[in-house]
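Listing of structure34.csv, CSV, C-alpha atoms and all ligand atoms
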```
chain,number,residue,atom,x,y,z
Y,181,MET,CA,17.5,-15.6,6.7
Y,182,ASN,CA,15.3,-13.4,4.5
Y,183,GLU,CA,12.4,-11.6,6.1
Y,184,LEU,CA,8.9,-13.0,5.6
Y,185,VAL,CA,6.3,-10.6,4.4
Y,186,ALA,CA,2.6,-11.6,4.5
Y,187,ILE,CA,0.4,-9.8,1.9
Y,188,VAL,CA,-3.2,-9.9,2.9
Y,189,GLU,CA,-5.0,-8.7,-0.3
Y,190,ASP,CA,-8.0,-10.0,-2.1
Y,191,GLU,CA,-7.2,-8.5,-5.5
Y,192,ALA,CA,-5.3,-11.6,-6.8
Y,193,ASP,CA,-3.4,-9.8,-9.6
Y,194,LEU,CA,-2.2,-7.1,-7.3
Y,195,ALA,CA,-1.1,-9.5,-4.6
Y,196,ALA,CA,0.8,-11.7,-7.2
Y,197,LEU,CA,2.5,-8.7,-8.7
Y,198,THR,CA,3.5,-7.2,-5.4
Y,199,ALA,CA,4.7,-10.6,-4.2
Y,200,GLU,CA,6.8,-11.1,-7.3
Y,201,HIS,CA,8.4,-7.7,-6.9
Y,202,LEU,CA,9.2,-8.2,-3.2
Y,203,ARG,CA,10.7,-11.6,-3.9
Y,204,ARG,CA,13.0,-9.9,-6.4
Y,205,GLU,CA,14.0,-7.6,-3.6
Y,206,GLY,CA,15.0,-10.6,-1.6
Y,207,PHE,CA,12.0,-11.1,0.7
Y,208,ARG,CA,10.1,-14.3,1.3
Y,209,VAL,CA,6.5,-13.7,0.6
Y,210,GLU,CA,3.2,-15.3,1.3
Y,211,THR,CA,-0.1,-14.0,0.0
Y,212,PHE,CA,-3.6,-14.4,1.6
Y,213,GLY,CA,-6.9,-13.5,-0.1
Y,214,GLU,CA,-8.9,-13.5,3.1
Y,215,ALA,CA,-8.3,-12.6,6.7
Y,216,GLU,CA,-9.4,-16.0,7.8
Y,217,ARG,CA,-6.6,-17.9,5.9
Y,218,PHE,CA,-4.1,-15.3,7.1
Y,219,PHE,CA,-5.1,-15.9,10.8
Y,220,ARG,CA,-4.9,-19.7,10.3
Y,221,ALA,CA,-1.4,-19.4,8.8
Y,222,LEU,CA,-0.4,-16.9,11.6
Y,223,ALA,CA,-1.0,-19.5,14.2
Y,224,LYS,CA,1.8,-21.6,12.7
Y,225,LYS,CA,4.3,-19.1,11.4
Y,226,LYS,CA,4.8,-15.5,12.4
Y,227,PRO,CA,5.7,-13.1,9.5
Y,228,ASP,CA,8.2,-10.3,10.0
Y,229,LEU,CA,5.8,-7.8,8.5
Y,230,VAL,CA,2.2,-7.6,7.1
Y,231,VAL,CA,1.0,-5.6,4.2
Y,232,LEU,CA,-2.7,-5.3,4.9
Y,233,ASP,CA,-5.5,-4.4,2.6
Y,234,LEU,CA,-8.3,-2.6,4.3
Y,235,MET,CA,-11.2,-4.0,2.2
Y,236,LEU,CA,-11.2,-7.7,2.5
Y,237,PRO,CA,-14.1,-10.0,1.6
Y,238,ASP,CA,-14.5,-11.6,5.0
Y,239,MET,CA,-13.3,-9.0,7.4
Y,240,ASN,CA,-12.5,-5.3,7.6
Y,241,GLY,CA,-8.7,-4.7,7.5
Y,242,LEU,CA,-9.0,-2.4,10.5
Y,243,ASP,CA,-10.4,-5.3,12.6
Y,244,VAL,CA,-7.5,-7.4,11.5
Y,245,CYS,CA,-5.1,-4.7,12.6
Y,246,ARG,CA,-6.9,-4.3,15.9
Y,247,SER,CA,-6.8,-8.1,16.6
Y,248,LEU,CA,-3.0,-8.2,15.9
Y,249,LYS,CA,-2.2,-5.3,18.0
Y,250,ARG,CA,-4.3,-6.6,20.9
Y,251,SER,CA,-2.5,-10.0,20.9
Y,252,GLU,CA,0.5,-10.6,23.1
Y,253,ASP,CA,2.1,-12.8,20.5
Y,254,TRP,CA,1.4,-10.7,17.4
Y,255,ARG,CA,1.4,-7.1,18.5
Y,256,SER,CA,5.1,-6.7,17.6
Y,257,ILE,CA,4.5,-7.6,13.9
Y,258,PRO,CA,4.8,-4.4,12.0
Y,259,ILE,CA,1.8,-3.6,9.7
Y,260,ILE,CA,1.7,-1.5,6.6
Y,261,MET,CA,-1.9,-0.7,5.5
Y,262,ALA,CA,-2.8,-0.5,1.8
Y,263,THR,CA,-5.7,1.9,1.5
Y,264,ALA,CA,-7.6,3.5,-1.4
Y,265,ARG,CA,-7.4,7.2,-1.7
Y,266,ALA,CA,-11.0,7.6,-0.5
Y,267,GLU,CA,-10.3,5.8,2.8
Y,268,GLU,CA,-8.5,8.6,4.6
Y,269,THR,CA,-10.6,8.2,7.8
Y,270,ASP,CA,-9.6,4.5,7.8
Y,271,ARG,CA,-6.0,5.4,7.4
Y,272,VAL,CA,-6.0,7.7,10.4
Y,273,LEU,CA,-7.9,5.1,12.4
Y,274,GLY,CA,-5.4,2.4,11.3
Y,275,LEU,CA,-2.5,4.5,12.5
Y,276,GLU,CA,-4.3,5.0,15.8
Y,277,LEU,CA,-4.9,1.3,16.1
Y,278,GLY,CA,-1.1,0.8,15.8
Y,279,ALA,CA,-0.4,0.2,12.2
Y,280,ASP,CA,3.2,1.4,11.4
Y,281,ASP,CA,2.7,3.0,8.0
Y,282,TYR,CA,0.4,3.0,5.0
Y,283,VAL,CA,0.6,3.1,1.2
Y,284,VAL,CA,-2.2,4.6,-0.9
Y,285,LYS,CA,-3.4,2.5,-3.9
Y,286,PRO,CA,-2.3,2.6,-6.6
Y,287,PHE,CA,1.2,2.5,-5.0
Y,288,SER,CA,4.5,1.9,-6.8
Y,289,HIS,CA,6.4,-1.2,-5.9
Y,290,LYS,CA,9.4,1.0,-5.3
Y,291,GLU,CA,7.5,3.0,-2.7
Y,292,LEU,CA,6.2,-0.1,-1.0
Y,293,THR,CA,9.6,-1.7,-0.8
Y,294,ALA,CA,11.1,1.5,0.7
Y,295,ARG,CA,8.4,1.6,3.3
Y,296,ILE,CA,8.8,-2.1,4.2
Y,297,LYS,CA,12.6,-1.6,4.6
Y,298,ALA,CA,12.1,1.5,6.7
Y,299,VAL,CA,9.5,-0.2,9.0
Y,300,LEU,CA,11.7,-3.3,9.4
Y,301,ARG,CA,14.7,-1.2,10.2
Y,302,ARG,CA,12.8,0.6,12.9
Y,303,SER,CA,11.5,-2.6,14.4
Y,304,ARG,CA,15.0,-4.1,14.5
Y,305,ASN,CA,16.7,-1.2,16.2
Y,306,PRO,CA,14.7,0.2,19.0
Y,307,GLU,CA,16.6,3.2,20.3
Y,308,GLU,CA,19.6,2.3,22.4
Y,309,GLY,CA,20.8,4.4,25.3
Y,310,GLY,CA,19.7,7.9,26.2
Y,311,GLN,CA,20.5,9.4,22.9
Y,312,VAL,CA,18.4,9.6,19.7
Y,313,SER,CA,19.9,11.0,16.6
Y,314,VAL,CA,17.9,12.3,13.6
Y,315,GLY,CA,19.6,12.8,10.3
Y,316,GLU,CA,23.2,14.0,10.6
Y,317,ASP,CA,22.8,17.1,12.6
Y,318,LEU,CA,20.2,16.6,15.3
Y,319,VAL,CA,20.9,14.7,18.6
Y,320,LEU,CA,18.4,14.4,21.4
Y,321,ASP,CA,19.4,13.5,24.9
Y,322,ARG,CA,16.6,11.7,26.8
Y,323,GLU,CA,18.1,12.0,30.2
Y,324,ARG,CA,19.2,15.6,30.1
Y,325,PHE,CA,16.1,16.8,28.1
Y,326,GLU,CA,18.5,18.5,25.6
Y,327,ALA,CA,18.5,18.8,21.9
Y,328,ARG,CA,21.6,19.8,19.9
Y,329,CYS,CA,21.8,20.7,16.3
Y,330,LYS,CA,25.3,20.5,14.8
Y,331,GLY,CA,26.5,20.4,18.5
Y,332,LYS,CA,24.8,23.6,19.4
Y,333,LEU,CA,22.3,23.4,22.3
Y,334,LEU,CA,18.7,24.4,21.2
Y,335,ASP,CA,16.6,26.5,23.4
Y,336,LEU,CA,13.5,24.3,23.5
Y,337,THR,CA,10.6,24.3,26.0
Y,338,SER,CA,10.0,21.0,27.7
Y,339,THR,CA,6.8,20.5,25.6
Y,340,GLU,CA,8.7,21.1,22.3
Y,341,PHE,CA,11.4,18.7,23.4
Y,342,ARG,CA,8.9,16.0,24.3
Y,343,ILE,CA,7.0,16.4,21.0
Y,344,LEU,CA,10.3,16.2,19.1
Y,345,LEU,CA,11.5,13.2,21.1
Y,346,LEU,CA,8.2,11.4,20.6
Y,347,LEU,CA,8.3,11.9,16.8
Y,348,ALA,CA,12.0,11.0,16.7
Y,349,SER,CA,11.6,7.8,18.6
Y,350,LYS,CA,9.0,6.7,16.1
Y,351,ARG,CA,11.0,7.9,13.2
Y,352,GLY,CA,9.4,7.7,9.8
Y,353,ARG,CA,6.0,6.9,11.3
Y,354,VAL,CA,3.2,9.4,11.1
Y,355,LEU,CA,1.6,10.3,14.4
Y,356,THR,CA,-1.8,11.9,14.4
Y,357,ARG,CA,-2.4,15.0,16.6
Y,358,GLU,CA,-4.6,12.8,18.7
Y,359,GLN,CA,-1.7,10.3,19.3
Y,360,ILE,CA,0.7,13.1,20.2
Y,361,LEU,CA,-1.9,14.5,22.6
Y,362,ASP,CA,-2.5,11.1,24.2
Y,363,GLU,CA,1.2,10.3,24.5
Y,364,LEU,CA,2.1,13.6,26.1
Y,365,TRP,CA,-1.0,14.7,27.9
Y,366,GLY,CA,-2.6,11.4,28.6
Y,367,HIS,CA,-6.3,11.9,28.9
Y,368,GLU,CA,-6.3,15.5,30.2
Y,369,LYS,CA,-8.2,16.7,27.1
Y,370,ILE,CA,-7.8,20.3,28.0
Y,371,VAL,CA,-5.2,20.6,25.3
Y,372,LEU,CA,-6.7,21.1,21.8
Y,373,ASP,CA,-5.4,19.7,18.5
Y,374,ARG,CA,-4.5,23.1,17.3
Y,375,THR,CA,-2.0,23.4,20.3
Y,376,ILE,CA,0.1,20.7,18.7
Y,377,ASP,CA,0.4,22.8,15.5
Y,378,VAL,CA,1.5,25.8,17.5
Y,379,HIS,CA,4.2,23.9,19.4
Y,380,ILE,CA,5.4,22.3,16.2
Y,381,LYS,CA,5.6,25.7,14.4
Y,382,ASN,CA,7.7,27.0,17.3
Y,383,LEU,CA,9.8,23.9,17.4
Y,384,ARG,CA,10.5,24.2,13.6
Y,385,ASP,CA,11.5,27.8,14.0
Y,386,LYS,CA,14.0,26.9,16.7
Y,387,LEU,CA,15.4,23.9,14.7
Y,388,GLY,CA,16.7,26.2,12.0
Y,389,PRO,CA,18.4,24.2,9.3
Y,390,ALA,CA,17.1,20.9,10.8
Y,391,ALA,CA,13.4,22.1,10.6
Y,392,SER,CA,12.8,20.1,7.4
Y,393,LEU,CA,13.2,16.9,9.5
Y,394,VAL,CA,9.8,17.5,11.0
Y,395,LYS,CA,7.2,16.9,8.3
Y,396,ASN,CA,3.5,17.7,8.3
Y,397,ILE,CA,1.5,15.0,6.6
Y,398,ARG,CA,-1.6,16.9,5.4
Y,399,GLY,CA,-4.8,15.6,6.9
Y,400,VAL,CA,-3.0,13.0,9.0
Y,401,GLY,CA,-0.4,14.4,11.4
Y,402,TYR,CA,3.3,14.8,11.8
Y,403,LYS,CA,6.5,12.7,11.4
Y,404,VAL,CA,10.2,13.0,11.8
Y,405,GLU,CA,12.3,11.7,8.9
Y,406,PRO,CA,14.9,10.4,8.1
B,501,CA,CA,-9.6,-5.3,-1.3
```
If you convert what's in this file into structure tokens, what do you get?
Amino acid sequence: MNELVAIVEDEADLAALTAEHLRREGFRVETFGEAERFFRALAKKKPDLVVLDLMLPDMNGLDVCRSLKRSEDWRSIPIIMATARAEETDRVLGLELGADDYVVKPFSHKELTARIKAVLRRSRNPEEGGQVSVGEDLVLDRERFEARCKGKLLDLTSTEFRILLLLASKRGRVLTREQILDELWGHEKIVLDRTIDVHIKNLRDKLGPAASLVKNIRGVGYKVEP
């Protein structure tokens, strides 16, 4: 059964072209020009993923994202936001609201397809067991708080390990500094954003050849890939 992608986008030409391309890639696709129509359809049939434009005629895409992520039934539906270059604040906010990824308009269909496939893959395979592997060389052991690169134990502090584990368990997804702080320090806001950068720098130094797996997304945050 092919996965159903919902495209919520009011630019009809763009929606049609994107839909056509995704169908060629083997997806089932439905397009919605307004949020309201999308919500009505959602009540009947749950898509496997939503590509969500942020500027819709009847509703802000961020509010659509917030509604989905607050709903018991719909929060598990992955969301990829489609934003304009100028909407960087919205992009960060969208990720904070729980969107899984974003593409910046004008995006290539190839890029969108790759992102859709990656997000679907992650949502299908939540990490099993106590081990998380990243790329070919890096393995994290949740229970023992250990990271190994090519079998060799890395000398990480517990903070470095926790940051790495957090990024690795949400692989491919960009986390803002704010999200990393929230996840690891809760609401003890004594830790500053800059602290994350320092930990990540130290972490990268210790990762050696695997350092390139931890990527800095300028103006947004960090992610681990592949
Ligand atoms: Ca729009």
Gap from CA of Phe341 in chain Y to CA of Val272 in chain Y - Å, one decimal: 24.3 Å
- request: Using all atoms listed in the file, determine which residues fall within 9 Å of ligand CA 501 (chain B), then list them as a list in words.
  value: Val188, Glu189, Asp190, Glu191, Gly213, Asp233, Leu234, Met235, Leu236, Pro237, Gly241, Ala262 and Thr263 of chain Y
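Among the candidates Y:Arg295, Y:Arg328, Y:Arg322, Y:Lys249, the residue lying nearest to Pro389 in chain Y is Y:Arg328 (atoms considered: all atoms listed in the file).
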- request: Tell me, in Å to one decimal, how far CA of Tyr402 in chain Y is from CA of Val354 in chain Y.
  value: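 Distance between the two atoms: 5.4 Å.
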- prompt: Which of these, Y:Leu347, Y:Val231, Y:Val284, Y:Val319, has the shortest distance to Ala266 in chain Y once you count only C-alpha atoms?
  reply: Y:Val284
Distance query Val299 in chain Y at most 12 Å, only C-alpha atoms, self and fewer than 6 positions along chain excluded, as a ChimeraX atom specification: /Y:185,228-231,256-261,279-282,292-293,305-306,350-354,406
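Distances to Glu268 in chain Y were evaluated for Y:Trp254, Y:Leu344, Y:Lys285, Y:Arg384 using only C-alpha atoms, and the minimum falls at Y:Lys285.
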message: Would you pick out the contacts of range 312-317 of chain Y at 6 Å or less, using all atoms listed in the file, so that residues sharing its chain but fewer than 3 positions from it are not included, and give the list as JSON, numbers by chain?
response: {"Y": [320, 329, 330, 406]}
Nearby residues (only C-alpha atoms) at most 6 Å from Ala186 in chain Y, same-chain spacing under 3 positions excluded, as a VMD selection string: chain Y and resid 209 to 211 230
field: Separation of CA of Asp385 in chain Y from CA of Glu323 in chain Y in Å
entry: 23.6 Å
task: Select, from Y:Ala391, Y:Glu205, Y:Glu291, Y:Leu318, the residue with the minimum atom-to-atom distance to Gly331 in chain Y, counting only C-alpha atoms.
output: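 Closest residue, counting only C-alpha atoms: Y:Leu318.
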- prompt: With distances taken over all atoms listed in the file, which of Y:Phe207, Y:Gly399, Y:Leu345, Y:Leu197 is nearest to Lys297 in chain Y?
  reply: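 Ranked by minimum distance to Lys297 in chain Y, first place goes to Y:Phe207.
The closest residue to Ser349 in chain Y, picked from Y:Asp321, Y:Glu267, Y:Glu214, Y:Asp335 and counting all atoms listed in the file, is Y:Asp321.
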message: I want to know what sits within 9 Å of Lys386 in chain Y, based on all atoms listed in the file, with residues of the same chain fewer than 4 positions away left out; could you give that as a list in words?
response: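 Returned residues: Leu334, Asp335, Leu336, Lys381, Asn382, Ala390 and Ala391 of chain Y.
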Please dump the current selection as a PDB file, keeping the file's coordinate frame; keep C-alpha atoms.
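The file below, selection_4.pdb, is the result:
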```pdb
ATOM      1  CA  LEU Y 334      18.700  24.400  21.200  1.00  0.00           C
ATOM      2  CA  ASP Y 335      16.600  26.500  23.400  1.00  0.00           C
ATOM      3  CA  LEU Y 336      13.500  24.300  23.500  1.00  0.00           C
ATOM      4  CA  LYS Y 381       5.600  25.700  14.400  1.00  0.00           C
ATOM      5  CA  ASN Y 382       7.700  27.000  17.300  1.00  0.00           C
ATOM      6  CA  ALA Y 390      17.100  20.900  10.800  1.00  0.00           C
ATOM      7  CA  ALA Y 391      13.400  22.100  10.600  1.00  0.00           C
TER       8      ALA Y 391
END
```
